[in-house]
Amino acid sequence: TLRLHLESTRNGTKESEPVPIYREKPLWVNAEKKPFLSEEFVASAKVVDEVGGFALRIQFDHQGATMLEQVTTENRGRKIAIFCQFAEKLVDYRWLAAPIISHRITDGVLVFTPDTTREEAEEIALGLNNVSKKAHTWVEQ
């Protein structure tokens with residue numbers, strides 16, 4: 001699974017909660033409980049090389065790209081808390097990252113550095129691609 005949650009102000013309601021980003025030195029981000037995007041809108045995922053390491057590159061389908069553009073247009077300066085469940089039987093789960101929205105994303109592509117090993121990131125990308133294939137096969141039938 002992959003869930004994108006928008007950063008929220010702490011207003012005392014039950015609609016958001018603080019979540020720990022990064023395992024070694026957690027950064028607490030107050031995130032909306034309801035995600036604005038999930039794995040059902042992923043068209044493809046892959047691990048890409050970056051200076052000094054790697055990143056996850058998520059390409060969303062048309063509907064997901066539209067939602068990502070809307071959220072990034074309206075919420076510049078806020079964070080996107082990214083949650084993922086992975087591994088066989090989805091036994092591993094954690095908040096992977098909280099990139100700051102610095103600009104409007106119009107192409108449906110989200111690239112971020114996850115709090116994972118490269119092997120875990122490859123596993124996440126493979127799982128998301130498998131989910132995408134199943135979802136798009138079902139839609140075509």
# chains A, B, ... in the order shown; residues from 1 in each chain; ligands from 1
$ select_by_dssp --residues "range 20-123 of chain A" --states "alpha helix (DSSP H)" --output "PyMOL selection string"
chain A and resi 62-74+118-123
$ write_last_selection --atoms "N, CA and C atoms" --output "tab-separated table (two decimals), in the first residue's frame"
chain	number	residue	atom	x	y	z
A	62	HIS	N	-4.02	9.33	-14.68
A	62	HIS	CA	-4.62	10.64	-14.96
A	62	HIS	C	-5.39	11.19	-13.76
A	63	GLN	N	-6.21	10.35	-13.15
A	63	GLN	CA	-7.01	10.80	-12.01
A	63	GLN	C	-6.11	11.16	-10.82
A	64	GLY	N	-5.12	10.33	-10.55
A	64	GLY	CA	-4.18	10.61	-9.46
A	64	GLY	C	-3.36	11.86	-9.72
A	65	ALA	N	-2.95	12.06	-10.98
A	65	ALA	CA	-2.18	13.25	-11.35
A	65	ALA	C	-3.01	14.51	-11.12
A	66	THR	N	-4.29	14.43	-11.45
A	66	THR	CA	-5.18	15.58	-11.24
A	66	THR	C	-5.30	15.90	-9.75
A	67	MET	N	-5.45	14.87	-8.92
A	67	MET	CA	-5.55	15.08	-7.47
A	67	MET	C	-4.25	15.64	-6.91
A	68	LEU	N	-3.10	15.10	-7.37
A	68	LEU	CA	-1.80	15.58	-6.90
A	68	LEU	C	-1.60	17.04	-7.30
A	69	GLU	N	-1.98	17.39	-8.51
A	69	GLU	CA	-1.84	18.79	-8.94
A	69	GLU	C	-2.70	19.70	-8.08
A	70	GLN	N	-3.92	19.30	-7.80
A	70	GLN	CA	-4.81	20.13	-6.98
A	70	GLN	C	-4.24	20.34	-5.58
A	71	VAL	N	-3.79	19.27	-4.95
A	71	VAL	CA	-3.26	19.36	-3.58
A	71	VAL	C	-1.98	20.20	-3.55
A	72	THR	N	-1.10	19.99	-4.53
A	72	THR	CA	0.17	20.74	-4.51
A	72	THR	C	-0.03	22.21	-4.90
A	73	THR	N	-1.08	22.51	-5.65
A	73	THR	CA	-1.39	23.90	-5.99
A	73	THR	C	-1.90	24.65	-4.77
A	74	GLU	N	-2.74	24.00	-3.99
A	74	GLU	CA	-3.42	24.65	-2.87
A	74	GLU	C	-2.63	24.62	-1.55
A	118	ARG	N	17.83	0.38	-0.16
A	118	ARG	CA	17.55	0.30	-1.60
A	118	ARG	C	16.73	-0.96	-1.91
A	119	GLU	N	17.04	-2.06	-1.23
A	119	GLU	CA	16.32	-3.30	-1.46
A	119	GLU	C	14.84	-3.15	-1.09
A	120	GLU	N	14.56	-2.49	0.03
A	120	GLU	CA	13.17	-2.25	0.41
A	120	GLU	C	12.47	-1.36	-0.61
A	121	ALA	N	13.16	-0.34	-1.09
A	121	ALA	CA	12.58	0.56	-2.10
A	121	ALA	C	12.26	-0.20	-3.38
A	122	GLU	N	13.15	-1.11	-3.79
A	122	GLU	CA	12.90	-1.93	-4.98
A	122	GLU	C	11.67	-2.83	-4.75
A	123	GLU	N	11.55	-3.36	-3.56
A	123	GLU	CA	10.40	-4.21	-3.21
A	123	GLU	C	9.10	-3.40	-3.25
$ residues_around --residues "His5 in chain A" --least-positions-apart "2" --cutoff "6 Å" --atoms "only C-alpha atoms" --output "list of chain:residue names"
A:Ala31, A:Glu32, A:Pro35, A:Phe36, A:Ile80, A:Ala81
$ atom_distance --atom1 "CA of Phe54 in chain A" --atom2 "CA of Asn30 in chain A"
26.1 Å
$ residues_around --residues "Pro99 in chain A" --least-positions-apart "6" --cutoff "12 Å" --atoms "only C-alpha atoms" --output "VMD selection string"
chain A and resid 4 to 7 21 to 22 27 29 55 72 76 to 82 110 to 115
$ residues_around --residues "Ile124 in chain A" --least-positions-apart "5" --cutoff "9 Å" --atoms "only C-alpha atoms" --output "VMD selection string"
chain A and resid 1 to 2 45 to 46 56 84 to 87 119 129
$ residues_around --residues "Lys14 in chain A" --least-positions-apart "3" --cutoff "10 Å" --atoms "only C-alpha atoms" --output "PyMOL selection string"
chain A and resi 10-11+17+32-33
$ atom_distance --atom1 "CA of Thr13 in chain A" --atom2 "CA of His103 in chain A"
28.2 Å
$ select_by_dssp --residues "range 16-135 of chain A" --states "strand (DSSP E)" --output "number ranges by chain"
A: 16-21, 27-32, 37-38, 42-50, 53-60, 80-86, 92-97, 109-112
$ residues_around --residues "Asp61 in chain A" --least-positions-apart "6" --cutoff "8 Å" --atoms "only C-alpha atoms" --output "compact mmCIF listing (two decimals) with N, CA and C atoms, in the first residue's frame"
# COMPACT_ATOMS: atom_id res chain seq x y z
N PHE A 41 -4.13 4.68 -7.53
CA PHE A 41 -3.91 5.67 -8.58
C PHE A 41 -2.50 5.63 -9.14
N VAL A 42 -1.69 4.65 -8.73
CA VAL A 42 -0.31 4.54 -9.21
C VAL A 42 -0.30 3.90 -10.60
N ALA A 43 0.33 4.56 -11.55
CA ALA A 43 0.50 3.99 -12.89
C ALA A 43 1.79 3.18 -12.94
N GLY A 108 2.07 14.60 -12.60
CA GLY A 108 1.67 13.38 -11.89
C GLY A 108 2.82 12.56 -11.35
$ atom_distance --atom1 "CA of Pro26 in chain A" --atom2 "CA of Asp92 in chain A"
17.3 Å
